[in-house]
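Contents: one structure, followed by commentary.
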Amino acid sequence: MSMKKISIIVLVVAVVVLAGIVVWQNWIKPAPAVNNQPNINEPVTNQQNNQTKLTLNILNNAEYYSGSMLPGERIKLTNGTYQAKAPLEWTTKLETVTYGDLNNDGQEDAVVVLSTRAGGTGVFGDLEAVLNQSGKAFNIAIQDLGDRTTVNSIKIESGVIIVDMSPKGDPRKVVQYKLSGDKLQEVN
């Protein structure tokens with residue numbers, strides 16, 4: 001055999017071995033169980049008014065609507081991130097949290113902004129309304145914020161979500177949403 005043929009065989013074997021390692025680590029090998037944190041999903045109760053609050057740890061590990069990647073489906077974040085594998089690879093991360101009462105029940109709810117990257121330059125934002133159900137996060141509604149929209153600020157006043165944002169290629173604007181059943185309705 002010539003040196004050229006031997007080199008090609010060695011190169012092919014190396015590529016196959018590397019591909020096998022990547023497949024093993026990302027798709028076949030089970031993820032190790034990690035439970036060295038003490039109850040990160042444990043709600044915190046405010047002793048003054050006996051209300052259970054949604055903590056950042058609860059929201060970082062809650063279920064949310066997935067937005068444009070799997071419309072109508074839910075994903076579960078782990079430490080603020082969801083990583084989808086084959087056939088589509090994409091990552092969703094919790095970016096922003098704002099607290100306030102969304103449904104006038106006296107409980108402090110939350111509004112969360114999730115960003116999803118699916119490759120390329122697109123970063124898709126979703127505004128997620130999360131109700132506080134005795135310290136458990138319940139994502140009830142979602143609003144698409146579009147591709148590469150910068151959220152400058154969010155506040156909640158009298159159940160109205162006020163989002164100051166800069167959509168890609170458009171002027172800065174302030175949009176208001178109100179929870180109506182399981183939808184976020186734009187209000188003026």
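Quick note on naming: the chains in the structure tokens go A, B, ... in the order shown, residues restart at 1 in each chain, and ligands are numbered from 1 in order of appearance.
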Sel. of strand (DSSP E) residues, stretch 29-185 of chain A, as a PDB file with C-alpha atoms, in the first residue's frame:
ATOM      1  CA  VAL A  44     -40.406  31.358  49.840  1.00  0.00           C
ATOM      2  CA  THR A  45     -43.216  32.527  52.121  1.00  0.00           C
ATOM      3  CA  ASN A  46     -43.435  36.162  53.167  1.00  0.00           C
ATOM      4  CA  GLN A  51     -47.940  34.966  50.594  1.00  0.00           C
ATOM      5  CA  THR A  52     -45.713  32.481  48.825  1.00  0.00           C
ATOM      6  CA  LYS A  53     -43.418  34.194  46.325  1.00  0.00           C
ATOM      7  CA  GLU A  63     -42.161  25.121  32.266  1.00  0.00           C
ATOM      8  CA  TYR A  64     -42.907  27.684  29.554  1.00  0.00           C
ATOM      9  CA  TYR A  65     -44.571  27.821  26.176  1.00  0.00           C
ATOM     10  CA  ARG A  74     -44.139  23.504  26.628  1.00  0.00           C
ATOM     11  CA  ILE A  75     -40.458  23.274  27.463  1.00  0.00           C
ATOM     12  CA  LYS A  76     -38.848  22.964  30.900  1.00  0.00           C
ATOM     13  CA  THR A  81     -31.832  27.240  29.918  1.00  0.00           C
ATOM     14  CA  TYR A  82     -33.454  24.720  27.599  1.00  0.00           C
ATOM     15  CA  GLN A  83     -31.245  22.960  25.047  1.00  0.00           C
ATOM     16  CA  ALA A  84     -32.993  21.102  22.218  1.00  0.00           C
ATOM     17  CA  TRP A  90     -31.898  25.414  19.523  1.00  0.00           C
ATOM     18  CA  THR A  91     -31.387  27.061  22.885  1.00  0.00           C
ATOM     19  CA  THR A  92     -33.892  28.992  24.975  1.00  0.00           C
ATOM     20  CA  LYS A  93     -32.721  31.150  27.890  1.00  0.00           C
ATOM     21  CA  LEU A  94     -34.452  33.172  30.547  1.00  0.00           C
ATOM     22  CA  GLU A  95     -33.335  36.785  30.041  1.00  0.00           C
ATOM     23  CA  THR A  96     -35.525  39.067  32.192  1.00  0.00           C
ATOM     24  CA  VAL A  97     -37.943  38.732  35.120  1.00  0.00           C
ATOM     25  CA  THR A  98     -40.377  41.389  36.372  1.00  0.00           C
ATOM     26  CA  TYR A  99     -42.752  40.864  39.291  1.00  0.00           C
ATOM     27  CA  GLY A 100     -46.273  42.193  39.830  1.00  0.00           C
ATOM     28  CA  ASP A 109     -46.932  36.992  39.628  1.00  0.00           C
ATOM     29  CA  ALA A 110     -44.118  37.357  37.088  1.00  0.00           C
ATOM     30  CA  VAL A 111     -43.444  38.336  33.507  1.00  0.00           C
ATOM     31  CA  VAL A 112     -40.480  36.582  31.938  1.00  0.00           C
ATOM     32  CA  VAL A 113     -38.662  37.254  28.668  1.00  0.00           C
ATOM     33  CA  LEU A 114     -37.208  34.156  27.012  1.00  0.00           C
ATOM     34  CA  SER A 115     -34.841  34.310  24.051  1.00  0.00           C
ATOM     35  CA  THR A 116     -34.425  31.470  21.570  1.00  0.00           C
ATOM     36  CA  ARG A 117     -31.451  30.979  19.255  1.00  0.00           C
ATOM     37  CA  VAL A 123     -32.758  35.569  18.333  1.00  0.00           C
ATOM     38  CA  PHE A 124     -36.493  35.266  18.936  1.00  0.00           C
ATOM     39  CA  GLY A 125     -38.009  36.842  22.045  1.00  0.00           C
ATOM     40  CA  ASP A 126     -41.133  35.758  23.899  1.00  0.00           C
ATOM     41  CA  LEU A 127     -42.948  37.577  26.688  1.00  0.00           C
ATOM     42  CA  GLU A 128     -44.323  34.972  29.107  1.00  0.00           C
ATOM     43  CA  ALA A 129     -47.015  35.683  31.727  1.00  0.00           C
ATOM     44  CA  VAL A 130     -46.478  33.476  34.783  1.00  0.00           C
ATOM     45  CA  LEU A 131     -49.084  33.172  37.532  1.00  0.00           C
ATOM     46  CA  ASN A 132     -48.139  32.456  41.122  1.00  0.00           C
ATOM     47  CA  GLN A 133     -50.114  29.425  42.269  1.00  0.00           C
ATOM     48  CA  LYS A 136     -45.584  27.329  41.884  1.00  0.00           C
ATOM     49  CA  ALA A 137     -45.011  28.963  38.504  1.00  0.00           C
ATOM     50  CA  PHE A 138     -47.797  28.523  35.950  1.00  0.00           C
ATOM     51  CA  ASN A 139     -47.039  29.983  32.509  1.00  0.00           C
ATOM     52  CA  ILE A 140     -50.492  30.946  31.284  1.00  0.00           C
ATOM     53  CA  ALA A 141     -49.804  33.140  28.233  1.00  0.00           C
ATOM     54  CA  ILE A 142     -47.150  34.053  25.684  1.00  0.00           C
ATOM     55  CA  GLN A 143     -46.576  36.994  23.348  1.00  0.00           C
ATOM     56  CA  ASP A 144     -44.090  36.884  20.460  1.00  0.00           C
ATOM     57  CA  LEU A 145     -41.714  39.862  20.581  1.00  0.00           C
ATOM     58  CA  GLY A 146     -40.071  39.107  17.237  1.00  0.00           C
ATOM     59  CA  ASP A 147     -36.538  38.598  15.996  1.00  0.00           C
ATOM     60  CA  THR A 150     -34.265  44.603  22.479  1.00  0.00           C
ATOM     61  CA  VAL A 151     -36.359  44.840  25.637  1.00  0.00           C
ATOM     62  CA  ASN A 152     -35.334  48.088  27.342  1.00  0.00           C
ATOM     63  CA  SER A 153     -37.611  47.724  30.361  1.00  0.00           C
ATOM     64  CA  ILE A 154     -40.741  45.996  31.653  1.00  0.00           C
ATOM     65  CA  LYS A 155     -43.014  47.036  34.470  1.00  0.00           C
ATOM     66  CA  ILE A 156     -46.392  45.899  35.757  1.00  0.00           C
ATOM     67  CA  GLU A 157     -48.908  48.521  36.892  1.00  0.00           C
ATOM     68  CA  VAL A 160     -50.960  45.961  32.852  1.00  0.00           C
ATOM     69  CA  ILE A 161     -47.584  44.851  31.480  1.00  0.00           C
ATOM     70  CA  ILE A 162     -45.724  47.833  30.011  1.00  0.00           C
ATOM     71  CA  VAL A 163     -42.914  46.824  27.655  1.00  0.00           C
ATOM     72  CA  ASP A 164     -40.445  49.424  26.365  1.00  0.00           C
ATOM     73  CA  MET A 165     -38.750  47.751  23.402  1.00  0.00           C
ATOM     74  CA  SER A 166     -36.730  48.380  20.283  1.00  0.00           C
ATOM     75  CA  LYS A 173     -41.907  51.777  21.165  1.00  0.00           C
ATOM     76  CA  VAL A 174     -43.885  51.111  24.324  1.00  0.00           C
ATOM     77  CA  VAL A 175     -46.525  48.381  24.160  1.00  0.00           C
ATOM     78  CA  GLN A 176     -49.000  47.479  26.899  1.00  0.00           C
ATOM     79  CA  TYR A 177     -50.482  44.010  27.452  1.00  0.00           C
ATOM     80  CA  LYS A 178     -53.165  42.738  29.804  1.00  0.00           C
ATOM     81  CA  LEU A 179     -53.854  39.137  30.710  1.00  0.00           C
ATOM     82  CA  SER A 180     -57.235  38.068  29.316  1.00  0.00           C
ATOM     83  CA  LYS A 183     -53.906  35.320  26.241  1.00  0.00           C
ATOM     84  CA  LEU A 184     -51.956  38.559  26.446  1.00  0.00           C
ATOM     85  CA  GLN A 185     -54.051  41.246  24.763  1.00  0.00           C
TER      86      GLN A 185
END
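Using only C-alpha atoms, the shortest contact distance between A:Asp170 and any of A:Ser134, A:Arg148, A:Met69, A:Leu59 is found at A:Arg148.
We find atom CA of A:Asn60 and atom CA of A:Leu77 to be spaced 6.1 Å apart.
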Quiz item: Do you have the atom CA of A:Asn79-atom CA of A:Gly159 distance handy?
Solution: 27.6 Å
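Between atom CA of A:Pro71 and atom CA of A:Glu89 lies a distance of 15.7 Å.
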